[in-house]
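Data file: upload-v7.cif. Format and content: mmCIF, C-alpha atoms.
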```cif
data_model
#
loop_
_atom_site.label_atom_id
_atom_site.label_comp_id
_atom_site.auth_asym_id
_atom_site.auth_seq_id
_atom_site.Cartn_x
_atom_site.Cartn_y
_atom_site.Cartn_z
CA TYR K 1 -36.05 0.81 -41.78
CA GLY K 2 -35.78 4.12 -43.55
CA THR K 3 -33.38 6.99 -43.29
CA TYR K 4 -33.93 10.33 -41.61
CA ASP K 5 -34.47 11.84 -45.07
CA GLU K 6 -37.25 9.43 -45.93
CA SER K 7 -39.07 10.20 -42.71
CA ALA K 8 -39.60 13.86 -43.66
CA PRO K 9 -43.21 14.51 -44.70
CA TRP K 10 -42.12 16.04 -48.00
CA TYR K 11 -39.47 13.47 -48.95
CA LYS K 12 -41.47 11.93 -51.81
CA TYR K 13 -41.24 15.29 -53.60
CA ASN K 14 -37.54 15.80 -52.86
CA ASN K 15 -36.45 16.08 -56.49
CA LYS K 16 -39.02 18.79 -57.25
CA ILE K 17 -38.94 20.98 -54.14
CA GLU K 18 -37.23 24.36 -54.52
CA LYS K 19 -38.51 26.08 -51.38
CA ILE K 20 -39.60 24.87 -47.95
CA THR K 21 -41.55 27.10 -45.58
CA VAL K 22 -42.38 25.75 -42.14
CA ASN K 23 -45.68 27.35 -41.10
CA ALA K 24 -47.20 24.45 -39.18
CA ASP K 25 -46.00 21.95 -36.59
CA VAL K 26 -43.59 19.44 -38.08
CA VAL K 27 -43.38 15.84 -36.93
CA SER K 28 -40.79 13.60 -38.53
CA THR K 29 -41.01 9.94 -37.60
CA THR K 30 -38.82 7.05 -38.60
CA TYR K 31 -38.75 3.45 -37.33
CA PHE K 32 -36.00 1.47 -35.67
CA TRP K 33 -35.88 -2.22 -34.83
CA ASP K 34 -35.79 -2.91 -31.11
CA GLU K 35 -33.87 -6.15 -30.65
CA LYS K 36 -35.18 -6.66 -27.11
CA THR K 37 -38.87 -6.43 -27.94
CA GLU K 38 -38.44 -7.49 -31.57
CA GLU K 39 -40.71 -4.65 -32.64
CA GLU K 40 -40.43 -1.56 -34.79
CA ILE K 41 -40.29 1.52 -32.61
CA PRO K 42 -41.37 4.93 -33.96
CA VAL K 43 -38.87 7.68 -33.15
CA THR K 44 -39.36 11.40 -33.75
CA ILE K 45 -36.24 12.81 -35.40
CA TYR K 46 -35.35 16.09 -37.08
CA ALA K 47 -31.66 15.63 -37.84
CA MET K 48 -31.14 15.55 -41.63
CA ILE K 49 -34.76 16.53 -42.24
CA PHE K 50 -33.78 18.96 -45.03
CA SER K 51 -30.73 17.08 -46.30
CA SER K 52 -30.09 15.85 -49.85
CA TYR K 53 -32.77 17.86 -51.63
CA PRO K 54 -31.00 18.44 -54.96
CA ASN K 55 -33.10 21.40 -56.14
CA LEU K 56 -33.85 23.09 -52.83
CA ARG K 57 -32.89 26.77 -53.04
CA GLU K 58 -34.61 28.39 -50.06
CA VAL K 59 -35.71 27.40 -46.54
CA GLU K 60 -37.84 29.46 -44.14
CA LEU K 61 -38.07 27.84 -40.72
CA GLY K 62 -40.52 30.38 -39.31
CA ASP K 63 -41.73 30.08 -35.70
CA ARG K 64 -43.17 26.56 -35.82
CA PHE K 65 -40.00 24.56 -36.26
CA PRO K 66 -39.55 22.77 -32.89
CA SER K 67 -35.86 23.61 -32.41
CA ALA K 68 -36.18 24.25 -28.67
CA LYS K 69 -37.06 20.57 -28.16
CA LEU K 70 -34.10 19.27 -30.13
CA GLN K 71 -30.51 18.37 -29.28
CA SER K 72 -29.11 17.63 -32.73
CA PHE K 73 -28.77 19.57 -35.96
CA ASN K 74 -26.53 16.91 -37.51
CA ASN K 75 -26.56 17.13 -41.32
CA LEU K 76 -29.61 19.39 -41.19
CA PHE K 77 -29.03 20.84 -44.69
CA ALA K 78 -26.30 18.43 -45.83
CA GLY K 79 -26.13 17.81 -49.55
CA CYS K 80 -28.47 20.65 -50.55
CA THR K 81 -26.15 21.67 -53.36
CA LYS K 82 -28.41 24.44 -54.72
CA LEU K 83 -29.41 25.96 -51.39
CA GLU K 84 -28.81 29.73 -51.38
CA VAL K 85 -31.12 31.23 -48.75
CA ILE K 86 -31.85 30.12 -45.17
CA ASP K 87 -34.15 32.14 -42.92
CA PHE K 88 -33.88 30.85 -39.37
CA GLY K 89 -36.74 33.03 -38.10
CA ASN K 90 -36.84 33.03 -34.28
CA ILE K 91 -35.09 29.71 -33.95
CA ASP K 92 -34.01 28.59 -30.48
CA THR K 93 -30.90 26.41 -30.58
CA SER K 94 -29.92 26.76 -26.94
CA ASN K 95 -30.38 23.01 -26.36
CA ILE K 96 -28.53 21.84 -29.45
CA ILE K 97 -25.39 19.91 -28.54
CA THR K 98 -24.24 18.96 -32.03
CA PHE K 99 -24.14 20.97 -35.24
CA LYS K 100 -21.99 18.39 -36.99
CA SER K 101 -22.04 18.73 -40.79
CA MET K 102 -25.03 21.06 -40.57
CA PHE K 103 -24.24 22.75 -43.92
CA TYR K 104 -22.11 19.96 -45.36
CA ASN K 105 -21.71 20.22 -49.14
CA CYS K 106 -24.03 23.22 -49.50
CA THR K 107 -21.97 24.20 -52.51
CA SER K 108 -24.13 27.14 -53.65
CA LEU K 109 -24.40 28.86 -50.27
CA LYS K 110 -22.54 32.17 -50.47
CA GLU K 111 -23.59 33.62 -47.11
CA VAL K 112 -25.67 32.63 -44.11
CA ASP K 113 -26.94 34.70 -41.20
CA LEU K 114 -25.93 32.88 -38.03
CA SER K 115 -27.00 35.59 -35.58
CA LYS K 116 -29.89 33.43 -34.31
CA ILE K 117 -27.72 30.35 -33.78
CA ASN K 118 -27.00 29.79 -30.08
CA THR K 119 -24.05 27.45 -29.49
CA GLU K 120 -23.71 27.83 -25.73
CA ASN K 121 -24.33 24.11 -25.12
CA ALA K 122 -22.72 22.81 -28.29
CA LEU K 123 -20.16 20.02 -28.03
CA ASP K 124 -19.57 19.28 -31.72
CA LEU K 125 -19.08 21.75 -34.59
CA GLY K 126 -17.17 19.26 -36.72
CA GLY K 127 -17.69 19.64 -40.47
CA MET K 128 -20.28 22.35 -39.91
CA PHE K 129 -19.38 24.26 -43.11
CA MET K 130 -17.44 21.48 -44.81
CA TYR K 131 -17.33 21.81 -48.61
CA CYS K 132 -19.32 25.03 -48.68
CA LYS K 133 -17.24 25.88 -51.72
CA SER K 134 -19.04 29.14 -52.56
CA LEU K 135 -19.19 30.57 -49.03
CA GLN K 136 -17.65 34.05 -49.22
CA SER K 137 -18.21 35.51 -45.77
CA ILE K 138 -19.22 34.29 -42.35
CA ASP K 139 -19.78 36.07 -39.02
CA LEU K 140 -19.01 33.82 -36.07
CA SER K 141 -18.73 36.56 -33.47
CA GLY K 142 -21.82 35.31 -31.64
CA PHE K 143 -20.61 31.73 -31.28
CA GLU K 144 -20.02 30.51 -27.73
CA THR K 145 -17.62 27.59 -27.91
CA GLY K 146 -16.53 26.99 -24.33
CA ASN K 147 -18.03 23.49 -24.28
CA VAL K 148 -17.03 22.44 -27.77
CA THR K 149 -14.71 19.42 -28.00
CA ASP K 150 -14.63 18.87 -31.77
CA MET K 151 -14.06 21.39 -34.58
CA SER K 152 -12.55 18.93 -37.05
CA CYS K 153 -13.13 19.79 -40.73
CA MET K 154 -15.25 22.76 -39.65
CA PHE K 155 -14.21 24.89 -42.65
CA GLN K 156 -12.63 22.22 -44.84
CA GLY K 157 -13.07 22.94 -48.53
CA CYS K 158 -14.38 26.50 -48.10
CA HIS K 159 -12.52 27.60 -51.20
CA GLU K 160 -13.89 31.14 -51.43
CA LEU K 161 -13.49 32.28 -47.83
CA THR K 162 -10.80 34.94 -47.61
CA ASP K 163 -11.12 35.62 -43.90
CA ILE K 164 -12.22 33.56 -40.91
CA ASP K 165 -12.36 35.58 -37.70
CA ILE K 166 -12.45 33.16 -34.81
CA SER K 167 -10.78 35.46 -32.31
CA SER K 168 -13.79 35.16 -30.00
CA PHE K 169 -13.60 31.36 -29.80
CA ASP K 170 -13.08 29.73 -26.42
CA THR K 171 -11.14 26.51 -27.04
CA SER K 172 -10.40 25.55 -23.46
CA ASN K 173 -12.21 22.20 -23.88
CA LEU K 174 -11.31 21.58 -27.51
CA GLU K 175 -9.87 18.12 -28.24
CA GLN K 176 -10.08 17.67 -32.03
CA MET K 177 -9.05 20.12 -34.79
CA VAL K 178 -8.28 17.68 -37.60
CA ALA K 179 -8.28 19.42 -41.01
CA MET K 180 -10.19 22.36 -39.56
CA PHE K 181 -9.06 24.73 -42.34
CA GLU K 182 -7.96 22.19 -44.95
CA SER K 183 -8.21 23.46 -48.54
CA CYS K 184 -9.27 26.97 -47.58
CA LYS K 185 -7.46 28.09 -50.69
CA LYS K 186 -7.89 31.87 -50.39
CA ILE K 187 -6.95 32.33 -46.74
CA LYS K 188 -3.74 34.35 -46.50
CA SER K 189 -3.42 34.69 -42.74
CA MET K 190 -4.84 33.08 -39.63
CA ASP K 191 -4.74 34.34 -36.07
CA LEU K 192 -4.96 31.49 -33.58
CA SER K 193 -3.12 33.36 -30.86
CA VAL K 194 -6.11 33.17 -28.51
CA PHE K 195 -6.57 29.44 -29.07
CA ASP K 196 -5.92 27.25 -26.06
CA LEU K 197 -4.41 24.08 -27.51
CA SER K 198 -3.50 22.47 -24.21
CA ASN K 199 -6.26 19.84 -24.45
CA VAL K 200 -6.10 19.25 -28.20
CA ALA K 201 -5.30 15.62 -28.95
CA CYS K 202 -5.15 15.86 -32.74
CA CYS K 203 -4.47 18.82 -35.00
CA MET K 204 -3.18 17.01 -38.08
CA ARG K 205 -3.74 18.51 -41.55
CA LEU K 206 -4.92 21.72 -39.89
CA PHE K 207 -3.96 23.92 -42.87
CA TYR K 208 -3.39 21.20 -45.45
CA GLY K 209 -3.73 22.56 -48.99
CA CYS K 210 -4.10 26.21 -47.96
CA ASP K 211 -2.26 27.41 -51.07
CA ALA K 212 -2.37 31.13 -50.33
CA LEU K 213 -1.47 30.94 -46.63
CA GLU K 214 1.38 33.30 -45.72
CA THR K 215 1.21 33.85 -41.96
CA VAL K 216 -0.18 32.04 -38.94
CA ALA K 217 -0.15 33.43 -35.40
CA LEU K 218 -0.05 30.81 -32.66
CA GLY K 219 -0.38 31.44 -28.92
CA GLU K 220 1.76 30.40 -25.98
CA SER K 221 -0.24 27.21 -25.44
CA MET K 222 1.36 25.82 -28.59
CA ARG K 223 4.68 25.54 -26.73
CA ASN K 224 3.25 23.00 -24.30
CA ALA K 225 0.87 21.25 -26.66
CA THR K 226 1.28 17.48 -26.72
CA GLY K 227 -1.25 16.55 -29.38
CA TYR K 228 -0.69 14.98 -32.79
CA PHE K 229 0.25 17.72 -35.29
CA ASP K 230 1.31 15.70 -38.34
CA ALA K 231 1.07 17.39 -41.77
CA MET K 232 -0.21 20.57 -40.16
CA PHE K 233 1.11 22.80 -42.98
CA CYS K 234 1.48 20.20 -45.70
CA ALA K 235 0.82 21.37 -49.30
CA CYS K 236 0.78 25.02 -48.28
#
```
Would you write out, as structure tokens, the structure that this file holds?
Amino acid sequence: YGTYDESAPWYKYNNKIEKITVNADVVSTTYFWDEKTEEEIPVTIYAMIFSSYPNLREVELGDRFPSAKLQSFNNLFAGCTKLEVIDFGNIDTSNIITFKSMFYNCTSLKEVDLSKINTENALDLGGMFMYCKSLQSIDLSGFETGNVTDMSCMFQGCHELTDIDISSFDTSNLEQMVAMFESCKKIKSMDLSVFDLSNVACCMRLFYGCDALETVALGESMRNATGYFDAMFCAC
């Protein structure tokens, strides 16, 4: 009954669109089958609304994008392989609980201003920048991560990143870090000394394929960690 992509009002032009500017109220509706009533139910959804637009290069969300009403940014720009510029305007993401795969496979994105992104209620940052192969710099100093439980694959495949400063991260509730930095091929050192790993259940493949990695600083919580750490430094 349709995908989230197909419910976007501009989907029928998806192969031609190079720029999207939100300057009016946006309503994205898709339909799901209700087995109890045996009826199609319209549901307003914004997750994935910009995803898989092969020629999209620029997005301006402006002040009319209804982010304050949303809880999910899952796959919001996923698969926009030519996307280079994102203007978040005055976006309010204080109610967003999942940013999972938000920029997944945005292979042309070299930088993104995240200063307007509020993560205070976020639970899931898994795959947020996964396969952003051209991403060269990223400022995460404003991220509040005290509630986050999953950061798996968060930076996996970010081949051009040379530095990831996550010293401000609060990982006291973190449970999953699978492949968080896998294939970050230009990272030479990582400081995880402030990371609380006491609740982490799985950390396997954390630095898998980080060819240039020379040093890693780990904190005291690593001594008492009981999670699964298989292949943590494999192929380094």
**Request:** Apply the PyMOL selection byres ((chain K and resi 207) around 6) to the structure shown and report the selected residues as a PyMOL selection string.
**Result:** chain K and resi 181-182+205-206+208+210+232-233
Once the PyMOL selection byres ((chain K and resi 114-123) around 8) is applied to the coordinates I shared, what remains selected? I want it as a JSON list (two decimals) with C-alpha atoms, in the coordinates of the input.
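Below you can see out-v4.json, which holds the result:
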```
[["chain", "number", "residue", "atom", "x", "y", "z"],
["K", 88, "PHE", "CA", -33.88, 30.85, -39.37],
["K", 89, "GLY", "CA", -36.74, 33.03, -38.10],
["K", 90, "ASN", "CA", -36.84, 33.03, -34.28],
["K", 91, "ILE", "CA", -35.09, 29.71, -33.95],
["K", 92, "ASP", "CA", -34.01, 28.59, -30.48],
["K", 93, "THR", "CA", -30.90, 26.41, -30.58],
["K", 94, "SER", "CA", -29.92, 26.76, -26.94],
["K", 95, "ASN", "CA", -30.38, 23.01, -26.36],
["K", 96, "ILE", "CA", -28.53, 21.84, -29.45],
["K", 97, "ILE", "CA", -25.39, 19.91, -28.54],
["K", 98, "THR", "CA", -24.24, 18.96, -32.03],
["K", 99, "PHE", "CA", -24.14, 20.97, -35.24],
["K", 112, "VAL", "CA", -25.67, 32.63, -44.11],
["K", 113, "ASP", "CA", -26.94, 34.70, -41.20],
["K", 124, "ASP", "CA", -19.57, 19.28, -31.72],
["K", 125, "LEU", "CA", -19.08, 21.75, -34.59],
["K", 139, "ASP", "CA", -19.78, 36.07, -39.02],
["K", 140, "LEU", "CA", -19.01, 33.82, -36.07],
["K", 142, "GLY", "CA", -21.82, 35.31, -31.64],
["K", 143, "PHE", "CA", -20.61, 31.73, -31.28],
["K", 144, "GLU", "CA", -20.02, 30.51, -27.73],
["K", 145, "THR", "CA", -17.62, 27.59, -27.91],
["K", 146, "GLY", "CA", -16.53, 26.99, -24.33],
["K", 147, "ASN", "CA", -18.03, 23.49, -24.28],
["K", 148, "VAL", "CA", -17.03, 22.44, -27.77],
["K", 149, "THR", "CA", -14.71, 19.42, -28.00],
["K", 150, "ASP", "CA", -14.63, 18.87, -31.77]]
```
**Message:** To one decimal place in Å, what is the distance between atom CA of K:Leu70 and atom CA of K:Lys110?
**Reply:**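 Calculated distance between atom CA of K:Leu70 and atom CA of K:Lys110 is 26.7 Å.
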**Asked** What is the distance between atom CA of K:Cys153 and atom CA of K:Val22, in Å to one decimal?
**Response**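 For atom CA of K:Cys153 relative to atom CA of K:Val22, the distance reads 29.9 Å.
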**Fill in**
Expressed in Å, the length from atom CA of K:Ala212 to atom CA of K:Glu160 is 11.6 Å
**Which residue of K:Asn105, K:Ser198, K:Gln71, K:Ser183 approaches K:Cys234 most closely, using only C-alpha atoms** =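 Among K:Asn105, K:Ser198, K:Gln71, K:Ser183, it is K:Ser183 that comes nearest to K:Cys234.
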